[in-house]
$ cat entry.pdb   # PDB, C-alpha atoms and all ligand atoms
ATOM      1  CA  MET V 862      79.580  54.170 125.090
ATOM      2  CA  ASN V 863      76.727  56.509 124.221
ATOM      3  CA  ARG V 864      77.116  57.142 120.497
ATOM      4  CA  ARG V 865      76.207  60.802 120.550
ATOM      5  CA  ARG V 866      78.568  61.569 123.390
ATOM      6  CA  TRP V 867      81.371  59.801 121.589
ATOM      7  CA  LEU V 868      80.628  61.779 118.422
ATOM      8  CA  THR V 869      80.510  65.059 120.303
ATOM      9  CA  GLY V 870      83.819  64.398 121.969
ATOM     10  CA  ALA V 871      85.422  63.323 118.707
ATOM     11  CA  LEU V 872      84.123  66.376 116.868
ATOM     12  CA  ALA V 873      85.265  68.743 119.574
ATOM     13  CA  THR V 874      88.754  67.253 119.539
ATOM     14  CA  ALA V 875      88.975  67.238 115.749
ATOM     15  CA  GLY V 876      87.530  70.747 115.632
ATOM     16  CA  ALA V 877      90.066  72.141 118.043
ATOM     17  CA  ALA V 878      92.919  70.540 116.092
ATOM     18  CA  LEU V 879      91.627  71.751 112.745
ATOM     19  CA  LEU V 880      90.881  75.224 114.028
ATOM     20  CA  SER V 881      94.398  75.749 115.225
ATOM     21  CA  ALA V 882      95.786  74.272 112.005
ATOM     22  CA  CYS V 883      93.502  75.672 109.369
ATOM     23  CA  GLY V 884      90.637  78.173 109.522
ATOM     24  CA  GLN V 885      88.921  76.909 106.363
ATOM     25  CA  ALA V 886      88.710  73.310 107.509
ATOM     26  CA  GLY V 887      87.477  74.533 110.870
ATOM     27  CA  THR V 888      84.671  76.417 109.189
ATOM     28  CA  ARG V 889      83.660  73.355 107.145
ATOM     29  CA  LEU V 890      83.696  71.256 110.262
ATOM     30  CA  ALA V 891      81.533  73.859 111.948
ATOM     31  CA  GLU V 892      78.952  73.496 109.181
ATOM     32  CA  GLN V 893      78.877  69.729 109.662
ATOM     33  CA  ALA V 894      78.681  70.176 113.403
ATOM     34  CA  ARG V 895      75.760  72.539 112.969
ATOM     35  CA  ARG V 896      73.863  70.029 110.825
ATOM     36  CA  MET V 897      74.566  67.209 113.253
ATOM     37  CA  GLY V 898      73.852  69.544 116.123
ATOM     38  CA  GLU V 899      70.104  69.409 115.581
ATOM     39  CA  GLY V 900      69.750  66.958 118.444
ATOM     40  CA  LEU V 901      72.647  68.187 120.543
ATOM     41  CA  THR V 902      72.323  70.656 123.324
ATOM     42  CA  ARG V 903      72.895  74.390 122.899
ATOM     43  CA  ARG V 904      75.878  74.198 125.205
ATOM     44  CA  THR V 905      77.528  71.537 123.025
ATOM     45  CA  GLN V 906      76.959  73.588 119.891
ATOM     46  CA  ARG V 907      78.651  76.552 121.555
ATOM     47  CA  LEU V 908      81.752  74.433 121.978
ATOM     48  CA  LEU V 909      81.698  73.148 118.399
ATOM     49  CA  ILE V 910      80.914  76.278 116.409
ATOM     50  CA  PRO V 911      83.526  79.053 116.205
ATOM     51  CA  ARG V 912      82.292  82.449 117.443
ATOM     52  CA  ASP V 913      82.817  84.054 114.030
ATOM     53  CA  ALA V 914      80.893  81.431 112.015
ATOM     54  CA  LEU V 915      77.869  82.736 110.157
ATOM     55  CA  ALA V 916      74.328  82.046 111.344
ATOM     56  CA  PRO V 917      72.223  80.115 108.810
ATOM     57  CA  THR V 918      70.311  82.228 106.298
ATOM     58  CA  TYR V 919      67.010  81.490 104.578
ATOM     59  CA  SER V 920      65.139  82.208 101.361
ATOM     60  CA  ARG V 921      62.461  84.871 100.862
ATOM     61  CA  ALA V 922      59.855  82.091 100.678
ATOM     62  CA  GLU V 923      60.751  81.048 104.225
ATOM     63  CA  ILE V 924      60.059  84.468 105.796
ATOM     64  CA  SER V 925      57.476  84.151 108.581
ATOM     65  CA  PRO V 926      54.209  85.804 107.519
ATOM     66  CA  ASP V 927      53.619  86.915 111.102
ATOM     67  CA  PHE V 928      56.948  87.529 112.844
ATOM     68  CA  ARG V 929      56.054  87.790 116.491
ATOM     69  CA  PRO V 930      56.818  91.103 118.252
ATOM     70  CA  ASN V 931      58.007  90.555 121.827
ATOM     71  CA  GLY V 932      58.854  92.548 124.952
ATOM     72  CA  SER V 933      58.239  96.255 124.393
ATOM     73  CA  VAL V 934      56.102  96.860 121.324
ATOM     74  CA  ASP V 935      55.336 100.591 121.611
ATOM     75  CA  PRO V 936      57.506 102.543 124.083
ATOM     76  CA  ALA V 937      55.592 105.113 126.168
ATOM     77  CA  ALA V 938      58.622 107.281 127.081
ATOM     78  CA  SER V 939      57.960 110.916 126.145
ATOM     79  CA  ASP V 940      61.252 111.378 124.260
ATOM     80  CA  TYR V 941      60.410 108.338 122.119
ATOM     81  CA  ARG V 942      56.834 109.464 121.490
ATOM     82  CA  ALA V 943      57.999 112.906 120.361
ATOM     83  CA  LEU V 944      60.397 111.349 117.844
ATOM     84  CA  LYS V 945      57.775 108.866 116.620
ATOM     85  CA  ALA V 946      55.190 111.653 116.149
ATOM     86  CA  ASN V 947      57.580 113.273 113.685
ATOM     87  CA  GLY V 948      58.360 110.079 111.765
ATOM     88  CA  PHE V 949      61.784 109.908 113.483
ATOM     89  CA  ALA V 950      63.014 112.872 111.397
ATOM     90  CA  ASP V 951      64.758 114.273 114.504
ATOM     91  CA  TYR V 952      66.215 110.935 115.599
ATOM     92  CA  ARG V 953      69.941 110.829 116.197
ATOM     93  CA  LEU V 954      71.921 107.725 117.035
ATOM     94  CA  ILE V 955      74.660 108.609 119.494
ATOM     95  CA  MET V 956      77.840 106.555 119.550
ATOM     96  CA  ASP V 957      80.181 107.513 122.375
ATOM     97  CA  GLY V 958      82.143 106.196 125.347
ATOM     98  CA  LEU V 959      85.599 104.793 124.612
ATOM     99  CA  VAL V 960      85.813 106.096 121.035
ATOM    100  CA  GLU V 961      88.144 108.606 119.399
ATOM    101  CA  ARG V 962      85.371 110.416 117.465
ATOM    102  CA  PRO V 963      81.858 110.315 118.975
ATOM    103  CA  LEU V 964      79.111 110.074 116.331
ATOM    104  CA  SER V 965      75.642 111.575 116.063
ATOM    105  CA  LEU V 966      73.824 110.131 113.048
ATOM    106  CA  SER V 967      70.372 110.706 111.569
ATOM    107  CA  LEU V 968      68.423 107.907 109.894
ATOM    108  CA  ALA V 969      69.395 109.401 106.530
ATOM    109  CA  ASP V 970      73.053 109.243 107.607
ATOM    110  CA  LEU V 971      72.620 105.575 108.566
ATOM    111  CA  ARG V 972      70.846 104.715 105.304
ATOM    112  CA  ALA V 973      73.605 106.448 103.334
ATOM    113  CA  ARG V 974      76.147 103.935 104.619
ATOM    114  CA  PRO V 975      76.745 100.551 102.932
ATOM    115  CA  ALA V 976      73.749  98.336 103.719
ATOM    116  CA  ARG V 977      73.605  94.617 104.354
ATOM    117  CA  THR V 978      70.476  92.460 103.987
ATOM    118  CA  GLN V 979      70.088  89.028 105.607
ATOM    119  CA  ILE V 980      67.239  86.572 106.158
ATOM    120  CA  THR V 981      67.712  84.869 109.507
ATOM    121  CA  LYS V 982      65.884  82.978 112.218
ATOM    122  CA  HIS V 983      65.161  84.795 115.470
ATOM    123  CA  ASP V 984      65.293  82.497 118.491
ATOM    124  CA  CYS V 985      63.563  83.693 121.669
ATOM    125  CA  VAL V 986      64.379  82.038 124.970
ATOM    126  CA  GLU V 987      60.629  81.750 125.603
ATOM    127  CA  GLY V 988      60.571  78.999 122.987
ATOM    128  CA  TRP V 989      59.455  80.492 119.677
ATOM    129  CA  THR V 990      61.284  81.333 116.462
ATOM    130  CA  SER V 991      60.469  83.525 113.449
ATOM    131  CA  ILE V 992      62.296  84.139 110.177
ATOM    132  CA  GLY V 993      62.704  87.697 108.930
ATOM    133  CA  GLU V 994      64.703  89.795 106.491
ATOM    134  CA  TRP V 995      66.760  92.592 107.991
ATOM    135  CA  THR V 996      68.570  95.480 106.323
ATOM    136  CA  GLY V 997      70.950  97.861 108.006
ATOM    137  CA  VAL V 998      74.485  99.047 108.498
ATOM    138  CA  ARG V 999      77.130  96.779 109.976
ATOM    139  CA  LEU V1000      77.981  97.748 113.530
ATOM    140  CA  GLU V1001      81.652  97.345 112.633
ATOM    141  CA  THR V1002      81.336 100.112 110.027
ATOM    142  CA  LEU V1003      80.290 102.590 112.716
ATOM    143  CA  LEU V1004      82.832 101.313 115.243
ATOM    144  CA  ASP V1005      85.597 101.912 112.713
ATOM    145  CA  GLU V1006      84.238 105.368 111.902
ATOM    146  CA  ALA V1007      84.171 106.310 115.565
ATOM    147  CA  GLY V1008      87.517 104.608 116.236
ATOM    148  CA  LEU V1009      87.464 102.305 119.261
ATOM    149  CA  LYS V1010      89.982 103.125 121.956
ATOM    150  CA  PRO V1011      92.222 100.175 122.931
ATOM    151  CA  GLU V1012      90.544  99.873 126.378
ATOM    152  CA  ALA V1013      87.104  99.241 124.823
ATOM    153  CA  ARG V1014      85.922  95.675 125.463
ATOM    154  CA  TYR V1015      82.124  95.780 125.250
ATOM    155  CA  ILE V1016      79.487  97.615 123.260
ATOM    156  CA  VAL V1017      76.427  98.720 125.238
ATOM    157  CA  PHE V1018      73.059  99.520 123.638
ATOM    158  CA  HIS V1019      70.864 101.995 125.511
ATOM    159  CA  CYS V1020      67.201 101.823 124.505
ATOM    160  CA  PHE V1021      64.206 104.160 124.754
ATOM    161  CA  ASP V1022      61.785 101.716 126.369
ATOM    162  CA  ALA V1023      61.053 100.819 129.969
ATOM    163  CA  LEU V1024      59.151  97.532 130.192
ATOM    164  CA  ASP V1025      56.813  98.965 132.844
ATOM    165  CA  GLN V1026      56.070 101.909 130.478
ATOM    166  CA  ARG V1027      56.763 104.408 133.311
ATOM    167  CA  GLU V1028      58.531 107.657 132.505
ATOM    168  CA  ASP V1029      61.083 106.958 135.246
ATOM    169  CA  GLY V1030      61.122 103.193 134.663
ATOM    170  CA  GLU V1031      64.364 101.300 134.115
ATOM    171  CA  ARG V1032      65.118 101.384 130.425
ATOM    172  CA  TYR V1033      66.082  98.316 128.405
ATOM    173  CA  TYR V1034      69.758  97.913 127.661
ATOM    174  CA  GLU V1035      72.061  95.191 126.353
ATOM    175  CA  SER V1036      75.741  94.552 125.752
ATOM    176  CA  ILE V1037      77.904  92.368 123.536
ATOM    177  CA  ASP V1038      81.633  91.760 123.243
ATOM    178  CA  LEU V1039      83.795  92.796 120.302
ATOM    179  CA  VAL V1040      83.633  89.361 118.654
ATOM    180  CA  ASP V1041      79.878  89.734 118.229
ATOM    181  CA  ALA V1042      80.156  93.473 117.570
ATOM    182  CA  ARG V1043      82.504  92.881 114.625
ATOM    183  CA  HIS V1044      80.674  89.762 113.324
ATOM    184  CA  PRO V1045      79.676  90.314 109.665
ATOM    185  CA  GLN V1046      75.997  89.622 110.402
ATOM    186  CA  THR V1047      75.810  92.065 113.308
ATOM    187  CA  ILE V1048      73.856  95.002 111.938
ATOM    188  CA  LEU V1049      71.876  98.014 113.088
ATOM    189  CA  ALA V1050      68.701  97.366 111.145
ATOM    190  CA  TRP V1051      66.488 100.160 109.858
ATOM    191  CA  ALA V1052      64.348  97.922 107.596
ATOM    192  CA  MET V1053      62.492  94.626 108.008
ATOM    193  CA  ASN V1054      61.119  92.468 105.177
ATOM    194  CA  GLY V1055      61.843  95.279 102.709
ATOM    195  CA  ASP V1056      59.834  97.939 104.581
ATOM    196  CA  VAL V1057      60.693 100.647 107.110
ATOM    197  CA  LEU V1058      61.335  98.958 110.470
ATOM    198  CA  PRO V1059      57.921  98.834 112.216
ATOM    199  CA  VAL V1060      57.486 100.256 115.730
ATOM    200  CA  PRO V1061      56.650  96.848 117.325
ATOM    201  CA  HIS V1062      59.983  95.511 116.018
ATOM    202  CA  GLY V1063      62.123  98.376 117.319
ATOM    203  CA  ALA V1064      61.812 101.465 115.097
ATOM    204  CA  PRO V1065      63.736 103.409 114.131
ATOM    205  CA  LEU V1066      66.822 101.227 114.787
ATOM    206  CA  ARG V1067      67.389  97.801 116.320
ATOM    207  CA  LEU V1068      70.285  95.412 116.698
ATOM    208  CA  ARG V1069      70.537  92.083 114.882
ATOM    209  CA  VAL V1070      73.222  89.928 116.490
ATOM    210  CA  GLU V1071      72.456  86.656 114.771
ATOM    211  CA  ARG V1072      74.594  84.282 116.841
ATOM    212  CA  GLN V1073      72.765  85.269 120.037
ATOM    213  CA  LEU V1074      69.310  84.648 121.531
ATOM    214  CA  GLY V1075      66.464  87.136 121.060
ATOM    215  CA  TYR V1076      66.895  89.217 124.198
ATOM    216  CA  LYS V1077      70.368  90.362 123.063
ATOM    217  CA  HIS V1078      68.798  92.014 119.963
ATOM    218  CA  ALA V1079      68.200  95.478 121.445
ATOM    219  CA  LYS V1080      65.273  97.356 119.875
ATOM    220  CA  TYR V1081      64.597 101.151 120.052
ATOM    221  CA  ILE V1082      68.315 101.990 120.265
ATOM    222  CA  ARG V1083      69.067 105.578 121.279
ATOM    223  CA  ARG V1084      72.731 105.360 122.223
ATOM    224  CA  ILE V1085      75.640 102.986 121.670
ATOM    225  CA  GLU V1086      78.435 103.199 124.216
ATOM    226  CA  ALA V1087      81.860 101.555 124.095
ATOM    227  CA  VAL V1088      83.008 100.531 127.586
ATOM    228  CA  GLU V1089      85.772  98.642 129.325
ATOM    229  CA  SER V1090      83.314  97.136 131.818
ATOM    230  CA  PHE V1091      79.525  97.246 132.232
ATOM    231  CA  ALA V1092      79.644  96.837 136.018
ATOM    232  CA  HIS V1093      78.511 100.465 136.514
ATOM    233  CA  ILE V1094      75.494 100.241 134.167
ATOM    234  CA  GLY V1095      72.011  99.239 135.374
ATOM    235  CA  GLY V1096      72.280  96.272 137.735
ATOM    236  CA  GLY V1097      75.826  95.603 136.523
ATOM    237  CA  LYS V1098      75.153  92.311 134.697
ATOM    238  CA  GLY V1099      75.254  93.726 131.160
ATOM    239  CA  GLY V1100      71.571  93.844 130.266
ATOM    240  CA  TYR V1101      68.014  94.369 131.429
ATOM    241  CA  TRP V1102      67.252  90.638 131.521
ATOM    242  CA  GLU V1103      70.749  89.707 132.672
ATOM    243  CA  ASP V1104      70.121  91.893 135.734
ATOM    244  CA  ARG V1105      67.077  89.650 136.301
ATOM    245  CA  GLY V1106      68.931  86.332 136.003
ATOM    246  CA  TYR V1107      69.392  85.631 132.285
ATOM    247  CA  GLU V1108      72.855  84.600 131.078
ATOM    248  CA  TRP V1109      74.998  87.384 129.608
ATOM    249  CA  PHE V1110      76.423  85.061 126.939
ATOM    250  CA  ALA V1111      73.412  83.789 124.977
ATOM    251  CA  GLY V1112      75.248  82.281 122.003
ATOM    252  CA  ILE V1113      73.385  80.019 119.589
TER     253      ILE V1113
HETATM  254  N1  LIG V1201      64.491  97.611 123.700
HETATM  255  C1  LIG V1201      64.063  96.351 123.762
HETATM  256  N2  LIG V1201      64.704  95.413 123.042
HETATM  257  C2  LIG V1201      64.290  94.133 123.086
HETATM  258  C3  LIG V1201      63.218  93.715 123.905
HETATM  259  C4  LIG V1201      62.564  94.719 124.662
HETATM  260  O1  LIG V1201      61.591  94.461 125.399
HETATM  261  N3  LIG V1201      63.017  96.027 124.563
HETATM  262  N4  LIG V1201      62.858  92.382 123.955
HETATM  263  C5  LIG V1201      63.849  91.403 123.510
HETATM  264  C6  LIG V1201      63.338  90.065 123.290
HETATM  265  S1  LIG V1201      63.148  89.054 124.644
HETATM  266  C7  LIG V1201      63.136  89.563 122.048
HETATM  267  S2  LIG V1201      62.706  87.945 121.767
HETATM  268  C8  LIG V1201      63.251  90.435 120.862
HETATM  269  C9  LIG V1201      61.953  90.474 120.114
HETATM  270  O2  LIG V1201      62.097  91.152 118.909
HETATM  271  P1  LIG V1201      60.832  91.327 118.004
HETATM  272  O3  LIG V1201      59.834  92.170 118.766
HETATM  273  O4  LIG V1201      61.262  91.970 116.743
HETATM  274  O5  LIG V1201      60.266  89.942 117.783
HETATM  275  O6  LIG V1201      63.614  91.758 121.185
HETATM  276  C10 LIG V1201      64.525  91.867 122.227
HETATM  277  N5  LIG V1201      64.954  93.235 122.321
HETATM  278 MO    MO V1202      62.956  86.952 123.792
END
$ encode --input "entry.pdb" --output "structure tokens" --more "lines below"
Ligand SMILES: Nc1nc2c(c(=O)[nH]1)N[C@H]1C(S)=C(S)[C@@H](COP(=O)(O)O)O[C@H]1N2
Ligand SMILES: [Mo]
Amino acid sequence: MNRRRWLTGALATAGAALLSACGQAGTRLAEQARRMGEGLTRRTQRLLIPRDALAPTYSRAEISPDFRPNGSVDPAASDYRALKANGFADYRLIMDGLVERPLSLSLADLRARPARTQITKHDCVEGWTSIGEWTGVRLETLLDEAGLKPEARYIVFHCFDALDQREDGERYYESIDLVDARHPQTILAWAMNGDVLPVPHGAPLRLRVERQLGYKHAKYIRRIEAVESFAHIGGGKGGYWEDRGYEWFAGI
């Protein structure tokens, strides 16, 4: 029998058993699976690694000197340009939808909350990766402040940019489930590599959802909405690229 297939099957079986029996052992197994997973397919890794496991982190020395900006790099929408012209002093992040207490937060408000810094590898579906350091507030912190209603199942990110740069163009959006939303490494980043988040990388606020591919990491966030279903938003598939054929679940 093909050795790798045997190993994969054995690991998956052992993993499932350990996970149900003991969370700690499951996490250790996940680390081993990740190391062995180098040559395995993405789909296999998804099966082996628990959803709440941490993404690998890196040292300062490993930060990419030229982290590639991708997709929108300077939104043309007039509301965005007005905010940018004023150094985002008038920016407010809106959090609403299925929450008990809708929020409207300035950048100063966001920076005043407990911050988390992480150095991670960004993985774009187009086949490139870059390592960067991100600082921001955990999404879970804001979800708890706003108080999710029990019906809430997904978190939707509404962005300022339209990829065609038209004023009436379809704006970028994304969505994640509550497992990713509450993951410790899921942050709303306002800084990159120790500096203010640059415009090409999503200023003033962008998502880092480290267990997912690049297109899930919404940049230029203007509004975060808790929903029961995203069927009524955009093309109904949960994201700008999902509406154009990409998979909604882009776990890595
Ligand atoms: N609002 C918005 N978010 C976005 C995009 C975009 O075009 N608009 N592109 C996505 C894609 S495909 C990738 S790979 C990353 C790129 O992030 P970066 O510019 O910091 O490298 O942003 C993602 N988030
Ligand atoms: Mo991407």
$ closest_residue --input "entry.pdb" --among "V:Gln1026, V:Thr978, V:Ser1036, V:Gln1073" --to "V:Ile1113" --atoms "all atoms listed in the file"
V:Gln1073
$ atom_distance --input "entry.pdb" --atom1 "atom C7 of ligand LIG 1201 (chain V)" --atom2 "atom CA of V:Ser933"
8.6 Å
$ closest_residue --input "entry.pdb" --among "V:Gln979, V:Thr1047, V:Thr990, V:Ser965" --to "V:Ala1007" --atoms "only C-alpha atoms"
V:Ser965
$ residues_near_ligand --input "entry.pdb" --ligand "ligand MO 1202 (chain V)" --cutoff "10 Å" --atoms "all atoms listed in the file" --output "NGL selection string"
:V and (930-932 or 983-990 or 1074-1078 or 1102)
$ closest_residue --input "entry.pdb" --among "V:Glu1012, V:Asp927, V:Asp1056, V:Asp957" --to "ligand LIG 1201 (chain V)" --atoms "all atoms listed in the file"
V:Asp927
$ decode --input "entry.pdb" --residues "stretch 1008-1019 of chain V" --atoms "all heavy atoms" --output "compact mmCIF listing (two decimals), in the first residue's frame"
# COMPACT_ATOMS: atom_id res chain seq x y z
N GLY V 1008 -21.90 41.73 22.05
CA GLY V 1008 -22.84 40.71 22.50
C GLY V 1008 -23.57 40.06 21.34
O GLY V 1008 -24.59 40.57 20.87
N LEU V 1009 -23.06 38.92 20.89
CA LEU V 1009 -23.70 38.22 19.76
C LEU V 1009 -25.05 37.66 20.20
O LEU V 1009 -25.17 37.07 21.27
CB LEU V 1009 -22.82 37.05 19.31
CG LEU V 1009 -21.69 37.34 18.33
CD1 LEU V 1009 -21.01 36.02 17.96
CD2 LEU V 1009 -22.17 38.07 17.10
N LYS V 1010 -26.05 37.84 19.35
CA LYS V 1010 -27.33 37.19 19.61
C LYS V 1010 -27.20 35.70 19.26
O LYS V 1010 -26.37 35.34 18.43
CB LYS V 1010 -28.43 37.85 18.76
CG LYS V 1010 -28.71 39.28 19.19
CD LYS V 1010 -29.93 39.84 18.51
CE LYS V 1010 -30.24 41.22 19.07
NZ LYS V 1010 -31.28 41.93 18.32
N PRO V 1011 -28.03 34.85 19.91
CA PRO V 1011 -27.87 33.40 19.71
C PRO V 1011 -28.05 32.96 18.26
O PRO V 1011 -27.48 31.96 17.85
CB PRO V 1011 -28.96 32.79 20.60
CG PRO V 1011 -29.63 33.90 21.32
CD PRO V 1011 -29.03 35.20 20.91
N GLU V 1012 -28.79 33.73 17.45
CA GLU V 1012 -29.02 33.33 16.04
C GLU V 1012 -27.79 33.58 15.18
O GLU V 1012 -27.71 33.06 14.06
CB GLU V 1012 -30.19 34.11 15.42
CG GLU V 1012 -31.43 34.24 16.27
CD GLU V 1012 -31.38 35.48 17.15
OE1 GLU V 1012 -31.74 36.58 16.69
OE2 GLU V 1012 -30.97 35.33 18.33
N ALA V 1013 -26.84 34.39 15.65
CA ALA V 1013 -25.69 34.77 14.81
C ALA V 1013 -24.83 33.54 14.49
O ALA V 1013 -24.45 32.80 15.41
CB ALA V 1013 -24.86 35.82 15.52
N ARG V 1014 -24.55 33.34 13.21
CA ARG V 1014 -23.73 32.19 12.81
C ARG V 1014 -22.49 32.58 12.01
O ARG V 1014 -21.51 31.84 11.97
CB ARG V 1014 -24.56 31.22 11.96
CG ARG V 1014 -25.61 30.46 12.77
CD ARG V 1014 -26.26 29.39 11.93
NE ARG V 1014 -25.31 28.44 11.42
CZ ARG V 1014 -25.51 27.68 10.35
NH1 ARG V 1014 -26.65 27.77 9.68
NH2 ARG V 1014 -24.60 26.82 9.94
N TYR V 1015 -22.55 33.73 11.34
CA TYR V 1015 -21.43 34.18 10.52
C TYR V 1015 -21.13 35.64 10.79
O TYR V 1015 -22.02 36.41 11.18
CB TYR V 1015 -21.74 34.02 9.02
CG TYR V 1015 -22.09 32.61 8.63
CD1 TYR V 1015 -23.42 32.24 8.46
CD2 TYR V 1015 -21.10 31.66 8.45
CE1 TYR V 1015 -23.75 30.94 8.11
CE2 TYR V 1015 -21.42 30.35 8.10
CZ TYR V 1015 -22.75 30.00 7.93
OH TYR V 1015 -23.08 28.73 7.60
N ILE V 1016 -19.87 36.01 10.55
CA ILE V 1016 -19.45 37.40 10.66
C ILE V 1016 -19.07 37.87 9.25
O ILE V 1016 -18.24 37.25 8.59
CB ILE V 1016 -18.24 37.54 11.61
CG1 ILE V 1016 -18.56 36.90 12.98
CG2 ILE V 1016 -17.85 39.00 11.75
CD1 ILE V 1016 -19.74 37.50 13.72
N VAL V 1017 -19.73 38.95 8.82
CA VAL V 1017 -19.50 39.48 7.47
C VAL V 1017 -18.70 40.78 7.56
O VAL V 1017 -18.97 41.62 8.41
CB VAL V 1017 -20.85 39.73 6.75
CG1 VAL V 1017 -20.63 40.29 5.35
CG2 VAL V 1017 -21.67 38.45 6.69
N PHE V 1018 -17.71 40.91 6.67
CA PHE V 1018 -16.87 42.10 6.62
C PHE V 1018 -17.20 42.88 5.35
O PHE V 1018 -17.02 42.35 4.25
CB PHE V 1018 -15.39 41.70 6.64
CG PHE V 1018 -15.04 40.86 7.83
CD1 PHE V 1018 -15.20 39.47 7.80
CD2 PHE V 1018 -14.61 41.44 9.02
CE1 PHE V 1018 -14.92 38.69 8.91
CE2 PHE V 1018 -14.33 40.67 10.13
CZ PHE V 1018 -14.49 39.29 10.08
N HIS V 1019 -17.69 44.10 5.51
CA HIS V 1019 -18.01 44.95 4.37
C HIS V 1019 -16.85 45.93 4.17
O HIS V 1019 -16.45 46.61 5.12
CB HIS V 1019 -19.30 45.72 4.63
CG HIS V 1019 -20.50 44.83 4.83
ND1 HIS V 1019 -21.21 44.29 3.79
CD2 HIS V 1019 -21.10 44.39 5.97
CE1 HIS V 1019 -22.21 43.56 4.27
NE2 HIS V 1019 -22.17 43.60 5.60
